[in-house]
Amino acid sequence: MSKKLKNSLISLTLIIAAVVLGIFATNKPVKSSSSSDRIPIVFWHEMGGPSEDALEAVVNGFNKSQSKYKVIPKYQGSYDEAIQKILQTHGTNTSPAIFQSFDIATAQMIHSKYTTPVQNFIDKDKDFDIEKIAPAARSFYSNDGKQQAMPFNTSQPVLYYNASLLKKYHITPPPVSPTYSDITRVAKQLYERSDHKTKGMTVQIYGWLLEQATTNAGQALANNDNGHSGIPTEVKLNNPSTVKFLEWIRENIKSGDFINYGSGASAGANQIAGFLSGKVGIFIQSSASMGKLTKNNPNKLGITYFPHPDGQKANGVSIGGAALWISNDKSKAVQQGAYEFSKYALSPAVQAQWQKSTGYLALNKDAQKEKILKDLYAKNPEAKVPGQQLADAKPNYVNSGILLEGMQVTRQLEEVAMEEAYNGGDIAKALSHADKNVNQNIATSNRANGYK
Amino acid sequence: MITSNKPNRLNKVLSYLLLVVLAVVILAPFFIGIWTSFLPTMDIAQGNFFSTKVSFDNYVAAFTKTPIVRYLGNSLVISTLTMLAQLVFCSMSAYAFVFLKFKYRNAIFILFLITMMLPFEAEIIPNFTTVKNLGMLDNYSVLLIPFLTSAFGTFMLRQAFMQTPTELKEAADIEGLNHFQIYWSIVLPYNKISMITLGAYSFLGAWNQYLWPMLTTFSNDSRLIQNGLRQLQSEETFNDWGMIQASAAIIVIPTIIVLFVGQHYFKSGMNEGAVK
Amino acid sequence: MLKSTTPTMVGSEAKAKKKRHSFSLNAKDKYFALLFLGPSLLLLSVFVFYPMFRTLYISMFLTNTLGKTTVFNGFGNYATLLSSPEYIASMGSTLFYVLAVTALTVSIGLLLANLASQKLAGIGIFRTLYSITMGVSVSVAAIFWLFIFNPSTGFFTIISNALHLPVINWLTDPKMAMWAVIITTVWMHLGFTFLILLGSISSVPTTLYEAASVEGASERRQFFKITIPMISPTLFFVSTITLIDSFKSFGLIDLITKGGPTNSTNMLVYRLYKDAFYSGNYGQASSEAIILTIIIAFFTFLQFKFLEKRVNY
């Protein structure tokens with residue numbers, strides 16, 4: 001036995017030595033052998049579920065369309081997790097050549113100076129007409145008159161309802177641009193008429209929705225025009241518009257027609273599962289959920305604009321989603337390849353297919369002429385709603401996003417305030433408390449970064 | 001209860017009843033998980049828990065649609081290598097502490113003890129920078145090199161080595177063996193059980209790593225199974241419960257088999273060390 | 001993870017001192033020592049000692065967007081933390097979680113071990129079944145329990161609906177979410193604790209019980225007067241191990257609640273992770289790391305001290 005142990009220990013040591021040596025000898029990310037003669041373009045993204053399948057189709061399409069580059073997609077989890085990974089791996093051989101970074105990290109990405117503005121490539125490219133790309137999306141990711149990143153997956157928050165259930169219980173559907181009370185009515189009727197079997201509505205505890213509600217009421221959250229005319233120094237969540245939004249939810253919680261799925265990724269998934277299985281009739285979510293909601297849904301899907309407060313006009317919501325950024329720590333050839341890929345991803349046919357499979361809006365104007373989208377609208381007229389909502393909104397500082405570093409912390413604090421409100425806490429108090437923390441964080445961050 | 005000398009029939013029945021009830025409670029999450037792994041996701045989503053549409057579809061999906069095999073392979077390699085490395089390095093350090101005389105021996109030993117007081121979780125920020133600067137990110141080496149040795153393992157083996165009978169060493173001395181020979185042919189074989197116990201623990205410890213691999217791996221080529229499952233869960237936002245439960249079952253079944261086989265060693269190893 | 005830090009601390013320090021054997025007082029010993037200890041020392045210096053000092057250093061600074069230290073802040077980060085109601089609440093919930101997990105794991109483990117130590121036919125099967133959760137990893141435990149707790153289609157919800165009981169919002173109610181994490185943690189740690197306690201109970205000399213039986217002591221009395229005192233070192237050992245491990249809990253929280261709702265499960269390590277790798281506040285996260293280290297070092301030290309004493313009596 002002792003001999004056996006000895007022998008095995010010797011062989012083990014040898015194995016370790018071999019493996020450790022092997023690792024150091026090939027200390028490079030594993031790449032597939034088929035790409036040997038092509039330039040590999042590592043692409044980090046955060047698309048899960050059906051959107052990931054759709055994104056992989058885009059990547060495969062690009063790889064087949066040319067023979068110079070090979071894009072290698074790598075899923076990085078949630079948007080939130082990806083940002084620090086991108087910043088902290090910059091300059092190493094594992095960092096991506098092109099990456100997807102979400103709307104609220106825009107300020108961070110610009111200030112990091114880790115990226116090459118796509119404008120530099122566009123200026124040298126005669127084939128690409130940036131004017132074809134939706135202006136609202138373009139302006140969101142530009143700064144100093146330069147296109148910093150290529151807008152990519154762009155969504156609108158919309159309200160979904162189970163049209164089959166409404167029909168079954170003879171409930172008049174909400175109008176296309178509903179007020180809070182329109183939704184309350186439908187939710188209550190659904191809850192009562194289904195004999196409490198179906199909850200009327202839910203609103204996920206998600207800071208984005210709170211920001212959009214405030215935006216739709218025409219209220220800016222951060223000073224300096226939501227950061228568009230200077231670095232913000234103060235955020236005010238405790239404002240009448242936000243309070244009104246939370247009071248609306250509270251009213252529905254009190255009447256029992258509201259179900260709370262909580263916060264986080266699993267909450268979003270549970271909410272969709274609940275909606276598909278007819279446990280809840282109404283929810284608010286990104287238009288990008290449409291892919292999941294049309295696939296395997298036995299019921300008819302209804303869509304409206306994001307609801308707005310009673311007695312005032314909707315200001316329109318801002319876009320959500322993410323853009324494609326090109327890292328500047330890679331060789332010129334790799335960066336060029338990354339740009340080629342982003343250009344391909346925005347071509348009309350690709351964008352049309354992308355909207356059809358995911359629910360993200362096609363950003364290239366010519367995409368609307370594609371047969372895929374025409375067929376889609378003919379079959380599902382409601383698929384047009386998010387695009388119309390975007391078109392209806394007149395761009396202003398309030399609905400062009402918040403250019404603030406530390407939006408991730410802000411969102412977490414917003415969500416804590418929402419949770420408190422949902423669980424019966426004092427709304428104004430919860431919001432002022434969030435304000436205090438957000439502003440403290442902004443002050444620290446501005447000090448650390450040397451912003452005045 | 002401990003020594004029921006009087007074979008009281010009622011007592012016995014009650015004991016068995018209690019044993020069975022507790023076993024059912026403890027095993028329930030397994031049964032529920034494994035049962036749902038055979039159901040179609042749509043039935044699970046609709047709360048149709050007693051569906052009769054039982055199939056292996058979820059398992060097929062887990063194996064074909066997800067990189068779970070790659071994750072499992074990565075975890076197996078990393079855990080095995082970590083285990084082997086810790087056996088070698090910990091036993092070497094333990095040997096030095098017990099059988100070698102050198103300056104600052106006690107001071108160095110206290111240093112080892114101190115490292116057991118410092119949680120790795122609190123050091124991830126500089127460690128991330130270190131592995132980044134060494135070019136180890138997203139690579140097997142980042143999962144392996146920081147864990148090649150362990151102060152705990154050294155401590156545990158030191159305690160065991162100290163009980164090696166003096167006669168064995170005297171005999172070795174007479175034969176004129178050098179330290180390598182004594183280490184290989186006397187100390188290690190004599191402490192076989194402790195080595196196996198440490199091996200099992202370092203394997204399980206590596207297998208259960210979560211935070212560090214999550215921070216330092218970015219692709220399926222190097223992702224470990226624990227993070228892989230997290231990835232599947234977040235990736236499948238549609239919540240394909242059936243497939244996720246199947247993936248969990250695929251992971252848990254082998255470890256449980258290993259555990260049953262190795263249980264004998266676990267128990268004796270643990271009792272030897274912990275329960276003096 | 002419970003399984004990573006493990007038992008066998010109960011050494012025989014005292015015995016060792018008496019018969020510390022060395023083969024030969026060879027001058028070559030120091031070269032061998034360098035050879036044998038070198039690799040471990042190097043690794044520990046790079047990955048344990050250096051980062052501790054580095055963390056201390058970063059904790060005195062503010063960090064910018066890129067995560068670089070920029071403005072010296074002295075103990076400012078600590079002051080911010082300790083004056084923040086959220087951090088104090090996080091500390092409080094961690095303490096609650098740690099105590100609940102330790103108390104439940106050890107008492108249920110003890111109950112199981114006591115039951116399974118009976119000499120009954122087929123008891124081996126139960127011993128195996130009770131230790132089964134040792135083979136369950138974090139992600140698997142989380143996924144099994146997530147399904148059970150799922151608000152719309154989970155097992156508990158199905159049962160409650162079938163029995164017409166009110167549905168408990170396990171994951172959205174702050175209090176219940178804490179319990180959801182506690183239950184999962186206890187379940188996961190149970191197999192290991194059970195096995196250690198079983199070993200300890202089995203090693204209590206049967207003559208003690210026989211004598212007590214002759215004197216007519218009830219089984220309950222025997223349990224409290226003989227079993228508990230005899231296994232108290234092991235009880236202390238498993239308690240501190242569970243305590244220290246629960247302080248470091250991360251995986252289960254990440255998978256089950258992500259620190260929510262209303263930060264109710266945002267415990268120390270999870271908070272540290274989020275502040276650093278979500279929000280990029282590396283300075284503040286480092287000061288959290290130092291505070292965490294102090295807490296864990298304190299309990300580990302306590303454990304060392306106690307074990308030393310037990311062996312010396």
# chains A, B, ... in the order shown; residues from 1 in each chain; ligands from 1
$ residues_around --residues "region 243-245 of chain C" --least-positions-apart "5" --cutoff "12 Å" --atoms "only C-alpha atoms" --output "PyMOL selection string"
(chain B and resi 116-121) or (chain C and resi 1-6+94-106+185-186+188-189+236-238+250-251+269+292-303)
$ interface_residues --of "chain B" --to "chain A" --cutoff "8 Å" --atoms "only C-alpha atoms" --output "ChimeraX atom specification"
/B:45-46,81,84-85,88,132,135-141,184-185,188-190,192,215,218-221,231,234-239
$ residues_around --residues "Gln285 (chain A)" --least-positions-apart "3" --cutoff "8 Å" --atoms "only C-alpha atoms" --output "VMD selection string"
chain A and resid 157 to 160 209 289
$ closest_residue --among "C:Thr234, C:Ser40, C:Ser279, C:Thr172" --to "Asn423 (chain A)" --atoms "only C-alpha atoms"
C:Thr172
$ atom_distance --atom1 "CA of Gln163 (chain B)" --atom2 "CA of Gly176 (chain B)"
21.4 Å
$ closest_atom_pairs --of "chain A" --to "chain C" --cutoff "8 Å" --atoms "only C-alpha atoms" --output "CSV"
residue,atom,partner,partner_atom,distance
A:Asp80,CA,C:Tyr278,CA,6.0
A:Glu81,CA,C:Tyr278,CA,5.7
A:Ile83,CA,C:Tyr278,CA,7.5
A:Gln84,CA,C:Phe277,CA,5.7
A:Lys85,CA,C:Phe277,CA,7.7
A:Leu87,CA,C:Leu66,CA,6.4
A:Gln88,CA,C:Leu66,CA,7.3
A:Gln108,CA,C:Thr65,CA,6.6
A:His111,CA,C:Thr65,CA,7.6
A:Ser112,CA,C:Leu66,CA,6.3
A:Asn260,CA,C:Thr172,CA,7.0
A:Tyr261,CA,C:Thr172,CA,6.4
A:Gly262,CA,C:Thr172,CA,4.9
A:Ser263,CA,C:Pro261,CA,6.9
A:Gly264,CA,C:Lys258,CA,7.1
A:Asn270,CA,C:Ser152,CA,7.0
A:Ala273,CA,C:Ser152,CA,7.9
A:Gly274,CA,C:Ser152,CA,6.1
A:Lys279,CA,C:Ser152,CA,7.5
A:Gly406,CA,C:Ser279,CA,6.8
A:Gln408,CA,C:Ser279,CA,6.2
A:Val409,CA,C:Ser279,CA,5.9
A:Glu415,CA,C:Thr262,CA,7.6
A:Val416,CA,C:Thr262,CA,4.8
A:Ala417,CA,C:Thr262,CA,7.6
A:Glu419,CA,C:Thr262,CA,5.5
A:Glu420,CA,C:Thr262,CA,6.3
A:Asn423,CA,C:Asp173,CA,7.7
A:Thr444,CA,C:Leu62,CA,7.6
A:Ser445,CA,C:Asn64,CA,6.7
A:Arg447,CA,C:Val71,CA,7.6
A:Ala448,CA,C:Asn64,CA,5.1
A:Asn449,CA,C:Asn64,CA,5.0
